[in-house]
Amino acid sequence: GVGVLMVAGGFAFKTASVPFHFWAPEAYEGAPAPISAFLSSASKAAGFAVAFRVFVEAFSLTAIPEGINWVILFQILAVVTMTLGNFAAATQDKVKRMLAYSSIGHAGYVLIGLAALAGGAGAQNGNVMGAAMAHLFVYGFMNTGAFLFIALTEHWGVGRTFEDFNGLASKAPMACVAMSLFMFSLAGLPVGGGFFSKYVLFLESIRAGFWWLAALGAINSALSLFYYSRVVKAMWIEDPGREFEITSKPVGLYAGIMIAAVGTFLLLPAFGPVIETAQAVATALFG
């Protein structure tokens with residue numbers, strides 16, 4: 001039992017899940033934005049991929065004593081992580097720090113993949129975990145693109161707060177369109193793959209009998225729209241409080257942002273093959 005707790009704690013730290021999340025906002029804010037993008041997307045995805053396999057295969061609920069039910073542990077972690085991440089993100093003044101807490105909130109959504117395991121039907125469990133994997137895949141495009149946009153603003157010396165982004169769309173409309181797409185897709189609006197990835201994740205948790213997890217996830221998604229839309233409002237609606245000049249447009253950063261934007265948008269109509277593949281792989285784990 002203690003060993004399971006220790007392993008769970010290690011994965012919680014790796015994936016920046018509550019209560020081992022304190023390093024993430026400081027690390028993401030202090031690191032160059034492309035490094036923050038990698039830490040919050042690729043590194044998190046790798047951590048969850050290993051966690052899924054370890055807990056399904058090494059700590060199978062059917063193979064360990066009844067007293068050690070790690071599903072309940074992950075139910076608590078999922079609820080606390082998504083709630084704390086979203087509430088903390090809603091109170092931030094700096095955009096990069098908001099994205100860091102948003103990343104913690106999304107870790108909570110992905111934890112539903114372990115939290116909604118009934119420990120019985122392999123196919124149903126595979127569907128839940130596959131939905132979490134698919135959300136991780138889509139999240140990689142959305143979140144990486146958002147952090148690359150932050151890298152672009154850091155290159156221009158725009159500033160870190162929401163107010164610093166005021167009127168930015170008049171200077172860099174294409175980049176701001178992409179950032180708006182990332183924000184709305186992260187919130188779960190039907191403009192990018194984030195809509196279907198959240199929808200299927202919540203739907204599969206309801207089918208598994210955990211409607212309350214889906215309800216809490218939906219409430220947190222509604223809250224996230226508040227702070228994501230603050231970025232869009234600043235860029236497109238607010239009047240700039242100061243003048244700043246965009247002297248150069250780094251080709252590499254622009255290319256990365258546009259690739260992430262196209263990927264995020266195309267994952268809306270092309271989400272079917274992604275979820276089918278993810279659920280097939282996850283179901284194989286339970287085979």
# chains A, B, ... in the order shown; residues from 1 in each chain; ligands from 1
$ residues_around --residues "range 150-161 of chain A" --least-positions-apart "2" --cutoff "7 Å" --atoms "only C-alpha atoms" --output "PyMOL selection string"
chain A and resi 33-34+93-96+146-148+163-165+246+253
$ write_last_selection --atoms "N, CA and C atoms" --output "JSON list (two decimals), in the first residue's frame"
[["chain", "number", "residue", "atom", "x", "y", "z"],
["A", 33, "ALA", "N", 10.12, 30.27, -22.91],
["A", 33, "ALA", "CA", 8.80, 29.74, -23.27],
["A", 33, "ALA", "C", 8.84, 28.42, -24.06],
["A", 34, "PRO", "N", 9.77, 28.22, -25.03],
["A", 34, "PRO", "CA", 9.80, 26.93, -25.72],
["A", 34, "PRO", "C", 10.08, 25.76, -24.77],
["A", 93, "ASP", "N", -2.24, 37.33, -12.82],
["A", 93, "ASP", "CA", -2.10, 38.57, -13.59],
["A", 93, "ASP", "C", -1.20, 38.40, -14.80],
["A", 94, "LYS", "N", -0.34, 37.38, -14.76],
["A", 94, "LYS", "CA", 0.60, 37.15, -15.85],
["A", 94, "LYS", "C", 0.13, 36.00, -16.73],
["A", 95, "VAL", "N", 0.22, 36.21, -18.03],
["A", 95, "VAL", "CA", -0.33, 35.23, -18.98],
["A", 95, "VAL", "C", 0.41, 33.90, -18.90],
["A", 96, "LYS", "N", 1.72, 33.95, -18.81],
["A", 96, "LYS", "CA", 2.51, 32.72, -18.78],
["A", 96, "LYS", "C", 2.21, 31.91, -17.53],
["A", 146, "ALA", "N", 0.33, 27.73, -27.62],
["A", 146, "ALA", "CA", 0.14, 28.87, -26.72],
["A", 146, "ALA", "C", 1.47, 29.32, -26.13],
["A", 147, "PHE", "N", 2.30, 28.40, -25.71],
["A", 147, "PHE", "CA", 3.60, 28.76, -25.13],
["A", 147, "PHE", "C", 4.54, 29.32, -26.20],
["A", 148, "LEU", "N", 4.44, 28.83, -27.43],
["A", 148, "LEU", "CA", 5.26, 29.40, -28.50],
["A", 148, "LEU", "C", 4.84, 30.84, -28.80],
["A", 163, "GLU", "N", -2.65, 42.99, -19.38],
["A", 163, "GLU", "CA", -2.73, 44.37, -19.90],
["A", 163, "GLU", "C", -1.66, 44.64, -20.95],
["A", 164, "ASP", "N", -0.51, 43.99, -20.81],
["A", 164, "ASP", "CA", 0.57, 44.19, -21.79],
["A", 164, "ASP", "C", 0.17, 43.68, -23.18],
["A", 165, "PHE", "N", -0.80, 42.77, -23.22],
["A", 165, "PHE", "CA", -1.24, 42.20, -24.50],
["A", 165, "PHE", "C", -2.30, 43.08, -25.18],
["A", 246, "ILE", "N", 6.96, 46.03, -33.42],
["A", 246, "ILE", "CA", 7.35, 44.66, -33.74],
["A", 246, "ILE", "C", 8.41, 44.77, -34.83],
["A", 253, "LEU", "N", 9.61, 30.54, -34.96],
["A", 253, "LEU", "CA", 8.50, 30.63, -34.01],
["A", 253, "LEU", "C", 7.17, 30.73, -34.73]]
$ atom_distance --atom1 "CA of Val262 in chain A" --atom2 "CA of Val177 in chain A"
11.3 Å
$ residues_around --residues "Phe74 in chain A" --least-positions-apart "4" --cutoff "7 Å" --atoms "only C-alpha atoms" --output "list in words"
Trp70, Ala78, Leu111, Leu114 and Ala115 of chain A
$ atom_distance --atom1 "CA of Tyr199 in chain A" --atom2 "CA of Tyr228 in chain A"
18.3 Å
$ residues_around --residues "range 80-85 of chain A" --least-positions-apart "2" --cutoff "8 Å" --atoms "only C-alpha atoms" --output "list of chain:residue names"
A:Ser17, A:Val18, A:Pro19, A:Ile76, A:Leu77, A:Ala78, A:Phe87, A:Ala88, A:Ala89, A:Tyr101, A:Ser102, A:Ser103, A:Ile104, A:Gly105, A:His106, A:Ala107, A:Gly108, A:Tyr109, A:Gly217, A:Asn220
$ residues_around --residues "Arg207 in chain A" --least-positions-apart "6" --cutoff "10 Å" --atoms "only C-alpha atoms" --output "list in words"
Ala116, Gln124, Asn125, Asn127, Val128 and Ala214 of chain A
$ write_last_selection --atoms "C-alpha atoms" --output "compact mmCIF listing (two decimals), in the first residue's frame"
# COMPACT_ATOMS: atom_id res chain seq x y z
CA ALA A 116 -12.96 6.45 -13.76
CA GLN A 124 -15.11 0.19 -20.94
CA ASN A 125 -11.93 0.95 -19.01
CA ASN A 127 -12.54 3.64 -23.62
CA VAL A 128 -12.08 5.90 -20.59
CA ALA A 214 -17.77 14.57 -15.76
$ atom_distance --atom1 "CA of Met258 in chain A" --atom2 "CA of Ala178 in chain A"
6.9 Å
$ select_by_dssp --residues "range 128-225 of chain A" --states "helix (DSSP H, G or I)" --output "PyMOL selection string"
chain A and resi 128-156+163-165+168-170+173-187+193-207+211-225
$ residues_around --residues "range 130-144 of chain A" --least-positions-apart "4" --cutoff "8 Å" --atoms "only C-alpha atoms" --output "PyMOL selection string"
chain A and resi 34+37-38+40-42+45+49+103+109-113+126+148+182-183+185-186+193-194+197-198+200-201+204+260-261+263-264+267+274-275+278-283
$ closest_residue --among "A:Leu203, A:Ala284, A:Cys176, A:Ala215" --to "Val231 in chain A" --atoms "only C-alpha atoms"
A:Cys176
